[in-house]
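Q: Structure below; questions to follow.
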Amino acid sequence: MIVYVDYNDVCRAPLAAAIHARVYGEPAYSAGVYADEGAAVCDAVRPQLLDGHRSRRLSQAMLEKADAVWCVTAAIARHLAEEHPAHAGKIHAMEDIPDPSGMGKQAYEQCADAIRRQLEERR
């Protein structure tokens, strides 16, 4: 199981999980370190990729089940590795993905492109 992690699970992480599914043809999941359970995805991205997604808080059970945990920033990866040292070996950082929140549709498209590029390079 692959899990993508952001702070709130309403933009970058769910985008990464959706793009991962398209690039690799396998499911991926998303979660947020501080997510409000059940929060809706930001309107700018919901129709294209994430219709119906609701945020989830990263849990110990998710960490235990995960084969790999990919964080959208190095800071999140460091935080998780410090908080969960037993799982540090499977926690990885993507190249930092800028948060497009509140910056308009073009910023969200650039965010999705940056995620897609990184996932295709990792292939």
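Ligands are numbered from 1 in the order shown, residues from 1 within each chain, and chains are lettered A, B, ... in the order they appear in the structure tokens.
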With only C-alpha atoms as the counted atoms, please give the residues lying no more than 10 Å from A:Ala39, apart from itself and same-chain residues fewer than 5 positions off, as a list in words.

A: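 My list of contacting residues is Asn8, Asp9, Val10, His53, Arg54, Ser55 and Arg56 of chain A.
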
Q: Taking 6 positions as the minimum chain separation for residues in the same chain, which residues sit within 7 Å of A:Leu58 when counting only C-alpha atoms? Answer as a list of chain:residue names.

A: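 In the requested form, the answer reads A:Ala31, A:Gly32, A:Val33.
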
Q: Expressed in Å to a single decimal, how great is the separation between atom CA of A:Ala88 and atom CA of A:Ala35?

A: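 That distance, rounded to one decimal, is 20.7 Å.
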
Q: Need to verify the contact set: A:Tyr24, 12 Å, only C-alpha atoms, exclusion of same-chain residues closer than 6 positions in sequence. Can you return it as a PyMOL selection string?

A: chain A and resi 2+16-18+116+119-123

Q: How would the residues just picked look written out with N, CA and C atoms as a short mmCIF file (atom, residue, chain, number, x, y, z; two decimals), in the first residue's frame?

A:
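Resulting contents of out.cif:
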```
data_model
loop_
_atom_site.label_atom_id
_atom_site.label_comp_id
_atom_site.auth_asym_id
_atom_site.auth_seq_id
_atom_site.Cartn_x
_atom_site.Cartn_y
_atom_site.Cartn_z
N ILE A 2 0.60 2.17 -0.88
CA ILE A 2 1.31 3.44 -0.98
C ILE A 2 0.41 4.52 -0.41
N ALA A 16 -1.76 13.52 -5.54
CA ALA A 16 -0.68 12.56 -5.76
C ALA A 16 -1.22 11.13 -5.82
N ALA A 17 -2.14 10.80 -4.93
CA ALA A 17 -2.72 9.45 -4.94
C ALA A 17 -3.49 9.18 -6.23
N ALA A 18 -4.25 10.15 -6.69
CA ALA A 18 -5.02 9.99 -7.93
C ALA A 18 -4.10 9.88 -9.13
N ARG A 116 2.86 14.80 -11.26
CA ARG A 116 2.89 13.83 -12.37
C ARG A 116 4.32 13.63 -12.86
N LEU A 119 6.27 11.51 -10.36
CA LEU A 119 5.85 10.11 -10.35
C LEU A 119 6.32 9.40 -11.61
N GLU A 120 6.28 10.07 -12.75
CA GLU A 120 6.74 9.44 -13.98
C GLU A 120 8.25 9.24 -13.96
N GLU A 121 8.99 10.14 -13.35
CA GLU A 121 10.44 9.98 -13.23
C GLU A 121 10.81 8.83 -12.32
N ARG A 122 9.98 8.56 -11.34
CA ARG A 122 10.23 7.49 -10.36
C ARG A 122 9.89 6.11 -10.93
N ARG A 123 9.19 6.10 -12.02
CA ARG A 123 8.72 4.86 -12.65
C ARG A 123 9.80 3.89 -12.95
#
```

Q: Which residue out of A:Met103, A:Ile97, A:Ala114, A:Val5 has the minimum interatomic distance to A:Cys71 when only C-alpha atoms are used?

A: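 Nearest to A:Cys71: A:Val5.
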
Q: Could you check which of A:Ala40, A:Ala93, A:Ala74, A:Leu80 is closest to A:Ser59, using only C-alpha atoms?

A: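 Checking each candidate against A:Ser59, we get A:Leu80 as the closest.
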